[in-house]
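Accompanying notes for the structure given below.
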Amino acid sequence: MTIDDPLYGVLLDGRYRVEQRIAVGGMSTVYRGTDTRLDRTVALKVMHPSLVGDADFTARFIREAKAVARLAHPNVVNVLDQGADPHAVFMAMEYVPGRNLRDVLRDRGALSVRAALDVLEPVLAALGAAHRAGLVHRDVKPENVLITDNGLVKVADFGLVRLLTGQDNGSSTTQAGQLLGTVSYLAPEQIRRDVDTDQRVDVYAAGILLYETLTGAKPHTGENAAQVMYRHLHEDVPAPSLTAPAVGPELDAIVAAATARDPQARPWDAVELLAALQRARRALPAARLDAEPPASNRPTPQFNPGEATAVIPTPGGLERTSVLEVPPELLLPPRPPVADAAPGRRAARRAARPPRGRKPLIWSAVLVALVLVVGGVTYTLSSAVYATVPSVLGQSRDQASATLDKQGLHGAFSEQFSESVQAGQVISTDPGVGAKVRKSDDVRVVLSRGPERVAVPELAGRPQAEAAKALADARLTAGAVTEQFSDAVPKGAVIAADPPAGGRLSPNSPVALTVSKGMHLVPDVGGMSKEDAVQALQAEGFTAQIAGLIPLGKVTGQSPAAGTPRPQKSAVTITVSLF
């Protein structure tokens, strides 16, 4: 941030000092700042001054703070405070050092399947928590996916959040002919506005995000917003495997389902989409997961209007009542009518047809009746034998059992660790939701055991190599090593670990070690004056005993000798002589 920024150095609400501009969006600017009361770094999201007088934008801004404050999820950027003063309307948020997904895609282009899933799964976990809390993000895009320096993925900027509880009408319009959002990630129903939007607009945007991470490009592009909206309305998202062959049909199907133009054909919410991705990951071999992604030209980074949240004027205005009200420039050109035959020719053809008898009609009726009877019997038998697997994702074991029982099905339950699904809730089913299954067969239901955590073993006093092996046996790794002198711990042995013994960490997490350098070494004070020698010994923690009494002499001997390891505060005898 340059000094000409009017907020540079301002203390918002008497507490938050504005220090550096991080990003500028369509509704607000984000700064890095300091909470002077708690002495911690925060991100300050400040609404643009031009919008402060707009009651609708101000209400939306405050609604975001309240909505996100309700979410307690490790993949959501926490809101710490919200306020207003004569300078600005703002909110204080958790500061996330690192990069956003847009930066990663610009630098690297397409990601491998494994890397793409490593990003999308926590994003969907965050959105799933929001959806289950009755919230819709409505602005999912790479700029709002933050990746910390240690690889944690967090979703930010619930600036267009909508409540599903009736507390908010959820209108996405600002005035006639305007649509609020990021055009590259808008679902068709957001553009048409012919139906009420719900959490499936986030599912659509997440599908676009998945396509973009797998291919390195957006599926719908154009020279202006109208062209991109036209493609959202009239074109399906292409299969990512056309660009990235390693993706395969499993992820093609997931992208197609998530970006279906009909919201009814999409997964119900982000939890269902997350379960589908996790099933696909388990089915993919390592070679496919880690295959080299397609090459990317990686153009010089430049601002793309399709990536910014903005108030987008929709040409001519889009009515909510019908998709037919979309302006002509957003519709496919009408097909020319097929020329019909002249009335005389139609009459001639009718006259040329042979007269129909009654028998064909009777036999047709009999065949139709027979088909209906056979179809009815088949349907009845099928319903008695087969059932459709219902959605039990996110439910408890008892709830899932009851839901399956209503369909005449039985669940075979197992458990596995999960970083994104709460303990005791369903992660996935096999067969998946919507599949046909014999009622005599079990539906395999996987419940979450919550995040896997392992205990840090006792390491104090062990040699460094032995401590590293103990960590490996506990499925942890040795982290940063700091050395320091110790009178009690032998050289090369561990003094302390961080976290200490008994602390619980995710598997493969690093544990910092403090290793002993042994006792302090007696310094060499030979040739020094008495005063300098005493000072040098005291600086290393030793006491000095004088063997000679010549005040102007120099040290000619010392005991113990220089380099001898000795405990601190032990005495070192120095001999002072004139010669």
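Chain identifiers are assigned as A, B, and so on, following the order in which chains appear in the structure tokens; residues are numbered from 1 within each chain, and ligands are numbered from 1 in order of appearance.
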
So which residues of range 460-491 of chain A fall under helix (DSSP H, G or I) by DSSP, listed as a list of chain:residue names? A:Gln464, A:Ala465, A:Glu466, A:Ala467, A:Ala468, A:Lys469, A:Ala470, A:Leu471, A:Ala472, A:Asp473

Next, dump the selected residues to file, keeping only C-alpha atoms, as an mmCIF file, in the first residue's frame.
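Output below, filename selection_18.cif:
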data_model
loop_
_atom_site.group_PDB
_atom_site.id
_atom_site.type_symbol
_atom_site.label_atom_id
_atom_site.label_comp_id
_atom_site.auth_asym_id
_atom_site.auth_seq_id
_atom_site.Cartn_x
_atom_site.Cartn_y
_atom_site.Cartn_z
ATOM 1 C CA GLN A 464 18.782 -37.428 18.434
ATOM 2 C CA ALA A 465 18.850 -40.435 16.059
ATOM 3 C CA GLU A 466 16.840 -42.547 18.510
ATOM 4 C CA ALA A 467 14.312 -39.703 18.927
ATOM 5 C CA ALA A 468 13.904 -39.450 15.149
ATOM 6 C CA LYS A 469 13.208 -43.199 14.963
ATOM 7 C CA ALA A 470 10.676 -42.949 17.790
ATOM 8 C CA LEU A 471 8.889 -40.195 15.891
ATOM 9 C CA ALA A 472 8.861 -42.270 12.702
ATOM 10 C CA ASP A 473 7.443 -45.237 14.630
#

Using only C-alpha atoms, which residues sit within 9 Å of Pro499 in chain A once same-chain residues fewer than 4 positions away are excluded, as JSON, numbers by chain? {"A": [456, 503, 504, 505, 511, 512]}

Take the residues just selected and output them with C-alpha atoms as a compact mmCIF listing (two decimals), in the first residue's frame.
# COMPACT_ATOMS: atom_id res chain seq x y z
CA VAL A 456 4.02 -37.38 20.55
CA GLY A 503 0.57 -33.80 22.49
CA ARG A 504 -1.64 -35.01 19.63
CA LEU A 505 -0.93 -34.20 15.98
CA VAL A 511 7.90 -32.15 15.93
CA ALA A 512 10.57 -29.56 16.74

So which bits of range 417-565 of chain A end up strand (DSSP E) when you DSSP the backbone, as an mmCIF file with N, CA and C atoms, in the first residue's frame?
data_model
loop_
_atom_site.group_PDB
_atom_site.id
_atom_site.type_symbol
_atom_site.label_atom_id
_atom_site.label_comp_id
_atom_site.auth_asym_id
_atom_site.auth_seq_id
_atom_site.Cartn_x
_atom_site.Cartn_y
_atom_site.Cartn_z
ATOM 1 N N VAL A 426 -21.900 -39.648 8.300
ATOM 2 C CA VAL A 426 -21.631 -40.481 7.131
ATOM 3 C C VAL A 426 -20.748 -39.731 6.143
ATOM 4 N N ILE A 427 -19.674 -40.401 5.703
ATOM 5 C CA ILE A 427 -18.784 -39.836 4.687
ATOM 6 C C ILE A 427 -19.239 -40.242 3.291
ATOM 7 N N SER A 428 -19.584 -41.519 3.110
ATOM 8 C CA SER A 428 -19.927 -42.000 1.779
ATOM 9 C C SER A 428 -20.723 -43.297 1.901
ATOM 10 N N THR A 429 -21.344 -43.671 0.775
ATOM 11 C CA THR A 429 -22.027 -44.953 0.684
ATOM 12 C C THR A 429 -21.585 -45.657 -0.591
ATOM 13 N N ASP A 430 -21.675 -46.975 -0.578
ATOM 14 C CA ASP A 430 -21.357 -47.771 -1.756
ATOM 15 C C ASP A 430 -22.392 -48.900 -1.839
ATOM 16 N N LYS A 436 -29.344 -48.073 -8.025
ATOM 17 C CA LYS A 436 -30.276 -49.158 -7.766
ATOM 18 C C LYS A 436 -29.525 -50.306 -7.095
ATOM 19 N N VAL A 437 -30.122 -50.883 -6.057
ATOM 20 C CA VAL A 437 -29.467 -51.955 -5.326
ATOM 21 C C VAL A 437 -30.529 -52.969 -4.893
ATOM 22 N N ARG A 438 -30.157 -54.249 -4.886
ATOM 23 C CA ARG A 438 -31.072 -55.269 -4.386
ATOM 24 C C ARG A 438 -31.321 -55.045 -2.896
ATOM 25 N N ASP A 442 -26.438 -55.466 1.235
ATOM 26 C CA ASP A 442 -26.130 -54.383 2.167
ATOM 27 C C ASP A 442 -25.645 -53.148 1.414
ATOM 28 N N VAL A 443 -25.984 -51.983 1.946
ATOM 29 C CA VAL A 443 -25.388 -50.725 1.486
ATOM 30 C C VAL A 443 -24.225 -50.426 2.428
ATOM 31 N N ARG A 444 -23.024 -50.388 1.881
ATOM 32 C CA ARG A 444 -21.847 -50.143 2.714
ATOM 33 C C ARG A 444 -21.772 -48.659 3.040
ATOM 34 N N VAL A 445 -21.836 -48.343 4.320
ATOM 35 C CA VAL A 445 -21.880 -46.958 4.803
ATOM 36 C C VAL A 445 -20.614 -46.686 5.604
ATOM 37 N N VAL A 446 -19.877 -45.641 5.234
ATOM 38 C CA VAL A 446 -18.638 -45.280 5.928
ATOM 39 C C VAL A 446 -18.903 -44.092 6.835
ATOM 40 N N LEU A 447 -18.648 -44.271 8.124
ATOM 41 C CA LEU A 447 -18.811 -43.203 9.112
ATOM 42 C C LEU A 447 -17.461 -42.563 9.421
ATOM 43 N N SER A 448 -17.497 -41.285 9.726
ATOM 44 C CA SER A 448 -16.254 -40.577 10.060
ATOM 45 C C SER A 448 -15.860 -40.833 11.513
ATOM 46 N N VAL A 454 -2.231 -38.598 16.393
ATOM 47 C CA VAL A 454 -1.302 -39.514 17.045
ATOM 48 C C VAL A 454 -0.555 -38.753 18.135
ATOM 49 N N ALA A 455 -0.136 -39.476 19.194
ATOM 50 C CA ALA A 455 0.505 -38.847 20.343
ATOM 51 C C ALA A 455 2.009 -38.708 20.120
ATOM 52 N N THR A 477 7.239 -36.864 12.134
ATOM 53 C CA THR A 477 8.558 -36.589 11.568
ATOM 54 C C THR A 477 9.309 -35.613 12.465
ATOM 55 N N ALA A 478 10.640 -35.673 12.387
ATOM 56 C CA ALA A 478 11.467 -34.720 13.122
ATOM 57 C C ALA A 478 11.462 -33.395 12.380
ATOM 58 N N GLY A 479 11.133 -32.327 13.085
ATOM 59 C CA GLY A 479 11.084 -31.003 12.475
ATOM 60 C C GLY A 479 12.369 -30.233 12.690
ATOM 61 N N ALA A 480 12.238 -28.931 12.938
ATOM 62 C CA ALA A 480 13.404 -28.072 13.131
ATOM 63 C C ALA A 480 14.168 -28.493 14.385
ATOM 64 N N VAL A 481 15.507 -28.451 14.290
ATOM 65 C CA VAL A 481 16.378 -28.837 15.411
ATOM 66 C C VAL A 481 17.129 -27.606 15.888
ATOM 67 N N THR A 482 17.019 -27.332 17.198
ATOM 68 C CA THR A 482 17.737 -26.221 17.822
ATOM 69 C C THR A 482 18.709 -26.788 18.846
ATOM 70 N N GLU A 483 19.932 -26.288 18.837
ATOM 71 C CA GLU A 483 20.940 -26.767 19.779
ATOM 72 C C GLU A 483 21.164 -25.744 20.882
ATOM 73 N N GLN A 484 21.382 -26.247 22.104
ATOM 74 C CA GLN A 484 21.731 -25.359 23.208
ATOM 75 C C GLN A 484 22.543 -26.133 24.245
ATOM 76 N N VAL A 494 18.214 -35.274 23.324
ATOM 77 C CA VAL A 494 17.099 -34.321 23.241
ATOM 78 C C VAL A 494 16.834 -33.709 24.611
ATOM 79 N N ILE A 495 16.775 -32.386 24.643
ATOM 80 C CA ILE A 495 16.411 -31.673 25.875
ATOM 81 C C ILE A 495 14.894 -31.557 25.983
ATOM 82 N N ALA A 496 14.232 -31.172 24.882
ATOM 83 C CA ALA A 496 12.777 -30.975 24.898
ATOM 84 C C ALA A 496 12.240 -31.111 23.493
ATOM 85 N N ALA A 497 10.927 -31.345 23.383
ATOM 86 C CA ALA A 497 10.235 -31.429 22.091
ATOM 87 C C ALA A 497 9.070 -30.455 22.102
ATOM 88 N N ASP A 498 8.703 -29.983 20.911
ATOM 89 C CA ASP A 498 7.563 -29.083 20.763
ATOM 90 C C ASP A 498 6.710 -29.553 19.585
ATOM 91 N N ARG A 504 -1.034 -34.231 20.720
ATOM 92 C CA ARG A 504 -1.639 -35.005 19.635
ATOM 93 C C ARG A 504 -1.596 -34.202 18.341
ATOM 94 N N LEU A 505 -1.114 -34.851 17.274
ATOM 95 C CA LEU A 505 -0.929 -34.201 15.984
ATOM 96 C C LEU A 505 -1.467 -35.088 14.875
ATOM 97 N N PRO A 510 5.365 -32.441 11.745
ATOM 98 C CA PRO A 510 6.721 -32.301 12.293
ATOM 99 C C PRO A 510 6.699 -31.981 13.786
ATOM 100 N N VAL A 511 7.703 -32.462 14.504
ATOM 101 C CA VAL A 511 7.902 -32.154 15.925
ATOM 102 C C VAL A 511 9.274 -31.496 16.058
ATOM 103 N N ALA A 512 9.303 -30.285 16.576
ATOM 104 C CA ALA A 512 10.567 -29.559 16.739
ATOM 105 C C ALA A 512 11.348 -30.127 17.924
ATOM 106 N N LEU A 513 12.668 -30.227 17.777
ATOM 107 C CA LEU A 513 13.529 -30.808 18.811
ATOM 108 C C LEU A 513 14.558 -29.787 19.276
ATOM 109 N N THR A 514 14.805 -29.772 20.584
ATOM 110 C CA THR A 514 15.920 -29.014 21.151
ATOM 111 C C THR A 514 16.956 -30.025 21.622
ATOM 112 N N VAL A 515 18.171 -29.960 21.051
ATOM 113 C CA VAL A 515 19.206 -30.974 21.280
ATOM 114 C C VAL A 515 20.359 -30.345 22.063
ATOM 115 N N SER A 516 20.890 -31.119 22.996
ATOM 116 C CA SER A 516 21.958 -30.624 23.867
ATOM 117 C C SER A 516 23.295 -30.513 23.130
ATOM 118 N N HIS A 520 29.090 -26.270 28.856
ATOM 119 C CA HIS A 520 29.834 -25.149 28.303
ATOM 120 C C HIS A 520 31.329 -25.482 28.269
ATOM 121 N N LEU A 521 32.025 -24.953 27.299
ATOM 122 C CA LEU A 521 33.467 -25.166 27.155
ATOM 123 C C LEU A 521 34.220 -24.012 27.806
ATOM 124 N N THR A 543 33.095 -18.943 37.154
ATOM 125 C CA THR A 543 33.678 -18.007 38.118
ATOM 126 C C THR A 543 35.208 -18.101 38.033
ATOM 127 N N ALA A 544 35.882 -17.016 38.345
ATOM 128 C CA ALA A 544 37.349 -16.969 38.207
ATOM 129 C C ALA A 544 38.007 -16.960 39.585
ATOM 130 N N GLN A 545 39.065 -17.764 39.742
ATOM 131 C CA GLN A 545 39.909 -17.753 40.930
ATOM 132 C C GLN A 545 41.310 -17.329 40.502
ATOM 133 N N ILE A 546 41.889 -16.332 41.217
ATOM 134 C CA ILE A 546 43.174 -15.751 40.827
ATOM 135 C C ILE A 546 44.285 -16.437 41.628
ATOM 136 N N LYS A 554 49.754 -10.534 33.041
ATOM 137 C CA LYS A 554 48.840 -11.189 32.115
ATOM 138 C C LYS A 554 48.680 -12.649 32.532
ATOM 139 N N VAL A 555 47.613 -13.258 32.042
ATOM 140 C CA VAL A 555 47.329 -14.645 32.395
ATOM 141 C C VAL A 555 48.329 -15.547 31.670
ATOM 142 N N THR A 556 49.042 -16.349 32.466
ATOM 143 C CA THR A 556 50.006 -17.271 31.867
ATOM 144 C C THR A 556 49.574 -18.716 32.005
ATOM 145 N N GLY A 557 48.497 -18.974 32.709
ATOM 146 C CA GLY A 557 48.018 -20.343 32.846
ATOM 147 C C GLY A 557 46.591 -20.374 33.347
ATOM 148 N N GLN A 558 45.901 -21.493 33.082
ATOM 149 C CA GLN A 558 44.527 -21.648 33.558
ATOM 150 C C GLN A 558 44.257 -23.121 33.790
ATOM 151 N N SER A 559 43.353 -23.377 34.744
ATOM 152 C CA SER A 559 42.966 -24.759 35.063
ATOM 153 C C SER A 559 41.474 -24.776 35.426
ATOM 154 N N PRO A 565 34.977 -29.240 28.777
ATOM 155 C CA PRO A 565 33.569 -29.043 29.132
ATOM 156 C C PRO A 565 33.399 -29.023 30.645
#

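Between Ser486 in chain A and the residues A:Gly394, A:Pro249, A:Pro567, A:Gly424, the shortest atom-to-atom distance, using only C-alpha atoms, involves A:Pro567.
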
Spatial neighbours of Leu146 in chain A, 8 Å, only C-alpha atoms, chain gap at least 5 places, as a VMD selection string: chain A and resid 96 98 to 101 153 to 156

Could you please determine the separation between CA of Leu124 in chain A and CA of Ala256 in chain A in Å, to one decimal place?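 According to the coordinates, CA of Leu124 in chain A and CA of Ala256 in chain A are separated by 16.5 Å.
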
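Across A:Ile62, A:Ala571, A:Leu38, A:Ala206, the tightest approach to Ala126 in chain A is made by A:Ala206 when counting only C-alpha atoms.
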
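Interatomic distance, CA of Gly248 in chain A to CA of Pro285 in chain A: 11.2 Å.
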
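Distances to Gly461 in chain A were evaluated for A:Leu251, A:Ala493, A:Val237, A:Leu11 using only C-alpha atoms, and the minimum falls at A:Ala493.
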
Measuring atom to atom with only C-alpha atoms, identify which of A:Ala217, A:Leu120, A:Val203, A:Ile254 is nearest to Arg106 in chain A.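 Under the stated criterion, the closest residue is A:Ala217.
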
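Shortest separation to Val76 in chain A among A:Leu12, A:Glu189, A:Gln278, A:Ser420 occurs at residue A:Ser420, atoms counted being only C-alpha atoms.
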
Figure out the distance between CA of Tyr211 in chain A and CA of Leu233 in chain A, please, to one decimal in Å.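 Distance reported for this atom pair: 17.4 Å.
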